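The structure under discussion appears below in the form of structure tokens.
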Amino acid sequence: EVSAEANRSLDANFLRLLGVETLATGGAATAEERIQNVEISMVLDVSGSMGWNNKIANLRSAATEFVETVIEEDNSGLTTVNIVPYNATVNLGSRVASYYNLDDDHNYSNCAYFDNAAFNTTVLNPSAELNRLGHFDPWSNNQNTTEITSPWCPDDDYASMIVHSSNEAELSGHIASLGAGGNTAIDLGMKWGVALLDPSARPVVSSLASDGHITSEAIGRPADYTAEDAMKIVVLMTDGMNTTQYDLSPEYASGMSDIWIDDRGDNDPYNDRFSHRVSDGGRWSSEEYYWVRFDNDWRNRYQSEPDGGAAARPMTNAEVFARWGTRAFGQKFFRRPYYDNRVSYSEYYNAYYAYETIVSNSEADSRLSTLCAETRDADVTIFSIGFEAPDRGQAAMR
């Protein structure tokens, strides 16, 4: 709201004969431009490089100040903020995931991946099935673990999304919990940031509000793009550039594995016994089981039944990769059979590297550019921040 007032005195030329020296004139006016409803997506880079030179602390400070500013100044109408942290993935978190339709290949974590066509539109239909990213750790070589500790997609609510919140304390608290780690998928962060501003997300937002997770005033959001009393904004930030995105290879992404487990009938995972069903093409027998606990005993390490006999059961691929990193999986179950000529080198290699590239950095740049064009055409304002980013990252932000 802007108010202006003006006054001016004029010489009274002829009226001086009547004793009037000056004439005064004045005026006042007020103009107002009001946006009742503001919807903001903060798409924040929490990749590994953010841990350098105190950058993650600077991000937390700046993002908190931003939230305090836009929420505090919300004297009329309603401002809601989405927080979309991203690194190699975007974690929907347990709350938001329950309002989308992730496939049921596993339920260990809640990250989605998209094909290229999904970046041609701002729409993301909550009822359409989303491809759930595999749950795996591409780096760990710990063969004695009971579960992976650094999954590609978090298995908890760390760095999860917050949707259309007007709760300053909730938003600031979530920002304060953000750390740094992983690769960089700016296109995925932007996809979710934009999707949460698109009217197609309305069923999700209204359900979250109806269930008491966010203010009831948010029911009906996101507004239509043509709504005259609404403003939509994306604040997109990175300190790096798009890098490679991975998922489990198709042969390991779903279904049953060739690994068998005998849990010994108790709840102690440390005394579990494992075997690997291997097929050697008829050189020794049509099918046999490599008993892991007899790795150093050449006389007993291959048997005609799994370790544990009838008490053993096959594990799903999801179980296997939730327990061991891909490198540990290859070493634990394929190294000895490879040395013994039970499996080929390619089988050993493919197990050790049981993941594959699903999006290259150049593909991610292209997807980001396409989506940003669609977003601008929908009259969403994008503020992009390249904070100490390399040239490629700065170009992506521009």
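Chain lettering (A, B, ...) mirrors the order of the structure tokens, residue numbering begins at 1 for each chain separately, and ligand numbering begins at 1 in order of display.
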List every residue of region 228-335 of chain A that has an atom at most 10 Å from any atom of region 373-394 of chain A, and for each one report the closest atom pair and its distance in Å to one decimal, counting only C-alpha atoms, with rows sorted by chain and then by increasing residue number, as a tab-separated table.
residue	atom	partner	partner_atom	distance
A:Met231	CA	A:Val380	CA	7.5
A:Lys232	CA	A:Val380	CA	5.2
A:Ile233	CA	A:Thr381	CA	4.8
A:Val234	CA	A:Ile382	CA	4.8
A:Val235	CA	A:Phe383	CA	4.8
A:Leu236	CA	A:Ser384	CA	4.8
A:Met237	CA	A:Ile385	CA	4.6
A:Thr238	CA	A:Gly386	CA	5.4
A:Asp239	CA	A:Ala389	CA	4.2
A:Gly240	CA	A:Ala389	CA	4.7
A:Met241	CA	A:Gly393	CA	4.1
A:Asn242	CA	A:Gly393	CA	7.1
Limited to N, CA, C and O atoms, could you put the picked residues into a file as a PDB file, in the first residue's frame?
ATOM      1  N   MET A 231      -0.098 -15.866  -5.791  1.00  0.00           N
ATOM      2  CA  MET A 231       1.254 -15.748  -6.337  1.00  0.00           C
ATOM      3  C   MET A 231       2.003 -17.031  -6.024  1.00  0.00           C
ATOM      4  O   MET A 231       1.962 -17.520  -4.890  1.00  0.00           O
ATOM      5  N   LYS A 232       2.698 -17.576  -7.014  1.00  0.00           N
ATOM      6  CA  LYS A 232       3.457 -18.814  -6.852  1.00  0.00           C
ATOM      7  C   LYS A 232       4.934 -18.536  -7.116  1.00  0.00           C
ATOM      8  O   LYS A 232       5.290 -17.931  -8.135  1.00  0.00           O
ATOM      9  N   ILE A 233       5.781 -19.017  -6.211  1.00  0.00           N
ATOM     10  CA  ILE A 233       7.209 -18.710  -6.274  1.00  0.00           C
ATOM     11  C   ILE A 233       8.017 -19.973  -5.987  1.00  0.00           C
ATOM     12  O   ILE A 233       7.692 -20.739  -5.070  1.00  0.00           O
ATOM     13  N   VAL A 234       9.071 -20.174  -6.765  1.00  0.00           N
ATOM     14  CA  VAL A 234      10.070 -21.206  -6.473  1.00  0.00           C
ATOM     15  C   VAL A 234      11.388 -20.511  -6.167  1.00  0.00           C
ATOM     16  O   VAL A 234      11.827 -19.636  -6.917  1.00  0.00           O
ATOM     17  N   VAL A 235      12.008 -20.892  -5.053  1.00  0.00           N
ATOM     18  CA  VAL A 235      13.375 -20.470  -4.739  1.00  0.00           C
ATOM     19  C   VAL A 235      14.243 -21.715  -4.862  1.00  0.00           C
ATOM     20  O   VAL A 235      14.151 -22.631  -4.051  1.00  0.00           O
ATOM     21  N   LEU A 236      15.051 -21.759  -5.902  1.00  0.00           N
ATOM     22  CA  LEU A 236      15.840 -22.944  -6.245  1.00  0.00           C
ATOM     23  C   LEU A 236      17.311 -22.649  -6.012  1.00  0.00           C
ATOM     24  O   LEU A 236      17.864 -21.703  -6.563  1.00  0.00           O
ATOM     25  N   MET A 237      17.964 -23.483  -5.201  1.00  0.00           N
ATOM     26  CA  MET A 237      19.338 -23.185  -4.801  1.00  0.00           C
ATOM     27  C   MET A 237      20.237 -24.393  -5.009  1.00  0.00           C
ATOM     28  O   MET A 237      19.851 -25.537  -4.774  1.00  0.00           O
ATOM     29  N   THR A 238      21.455 -24.154  -5.490  1.00  0.00           N
ATOM     30  CA  THR A 238      22.481 -25.194  -5.533  1.00  0.00           C
ATOM     31  C   THR A 238      23.853 -24.584  -5.329  1.00  0.00           C
ATOM     32  O   THR A 238      24.067 -23.396  -5.612  1.00  0.00           O
ATOM     33  N   ASP A 239      24.775 -25.401  -4.844  1.00  0.00           N
ATOM     34  CA  ASP A 239      26.184 -24.979  -4.780  1.00  0.00           C
ATOM     35  C   ASP A 239      27.008 -25.791  -5.767  1.00  0.00           C
ATOM     36  O   ASP A 239      28.229 -25.663  -5.811  1.00  0.00           O
ATOM     37  N   GLY A 240      26.326 -26.661  -6.536  1.00  0.00           N
ATOM     38  CA  GLY A 240      27.067 -27.549  -7.424  1.00  0.00           C
ATOM     39  C   GLY A 240      26.463 -27.608  -8.805  1.00  0.00           C
ATOM     40  O   GLY A 240      26.055 -26.597  -9.372  1.00  0.00           O
ATOM     41  N   MET A 241      26.396 -28.807  -9.343  1.00  0.00           N
ATOM     42  CA  MET A 241      25.812 -29.028 -10.662  1.00  0.00           C
ATOM     43  C   MET A 241      25.213 -30.427 -10.675  1.00  0.00           C
ATOM     44  O   MET A 241      25.495 -31.255  -9.797  1.00  0.00           O
ATOM     45  N   ASN A 242      24.358 -30.690 -11.647  1.00  0.00           N
ATOM     46  CA  ASN A 242      23.754 -32.009 -11.746  1.00  0.00           C
ATOM     47  C   ASN A 242      24.812 -33.088 -11.907  1.00  0.00           C
ATOM     48  O   ASN A 242      25.781 -32.929 -12.667  1.00  0.00           O
TER      49      ASN A 242
END
Handout entry: For Met315 (chain A): contacts at 9 Å, only C-alpha atoms, fewer than 3 positions along chain excluded, given as a PyMOL selection string
Key = chain A and resi 256-261+318-320
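Between Glu72 (chain A) and the candidates A:Arg301, A:Ala88, A:Ser9, A:Ser166, the tightest atom-to-atom separation, counting only C-alpha atoms, involves A:Ser166.
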Exercise for the section: Can you list, as an MDAnalysis selection string, all residues belonging to region 11-192 of chain A that DSSP tags as helix (DSSP H, G or I)? Expected result: chainID A and resid 14:18 48:72 93:97 116:120 168:176 186:192
Give me the residues of region 170-287 of chain A that have any atom at most 12 Å from an atom of region 144-153 of chain A; for each, the nearest atom pair and the distance in Å, rounded to one decimal. Use only C-alpha atoms, sort by chain and number, and format it as CSV.
residue,atom,partner,partner_atom,distance
A:Gly181,CA,A:Ser150,CA,9.9
A:Gly182,CA,A:Trp152,CA,7.9
A:Asn183,CA,A:Trp152,CA,9.4
A:Thr184,CA,A:Trp152,CA,11.9
A:Gln245,CA,A:Trp152,CA,10.0
A:Tyr246,CA,A:Trp152,CA,8.6
A:Asp247,CA,A:Trp152,CA,8.7
A:Leu248,CA,A:Trp152,CA,10.2
A:Asn267,CA,A:Thr146,CA,11.7
A:Asp268,CA,A:Thr146,CA,9.9
A:Pro269,CA,A:Thr146,CA,6.5
A:Tyr270,CA,A:Thr146,CA,7.4
A:Asn271,CA,A:Thr146,CA,10.5
A:Asp272,CA,A:Thr146,CA,9.7
A:Arg273,CA,A:Asn144,CA,11.5
A:Phe274,CA,A:Asn144,CA,11.6
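Proximity ranking of A:Ser165, A:Thr89, A:Ser127, A:Thr79 relative to Asn101 (chain A) places A:Ser127 first, based on only C-alpha atoms.
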Practice task
Name all residues at most 10 Å from Arg34 (chain A) (count only C-alpha atoms; drop same-chain ones fewer than 4 positions away) and give them as an MDAnalysis selection string.
Solution key: chainID A and resid 1 76:77 228:230
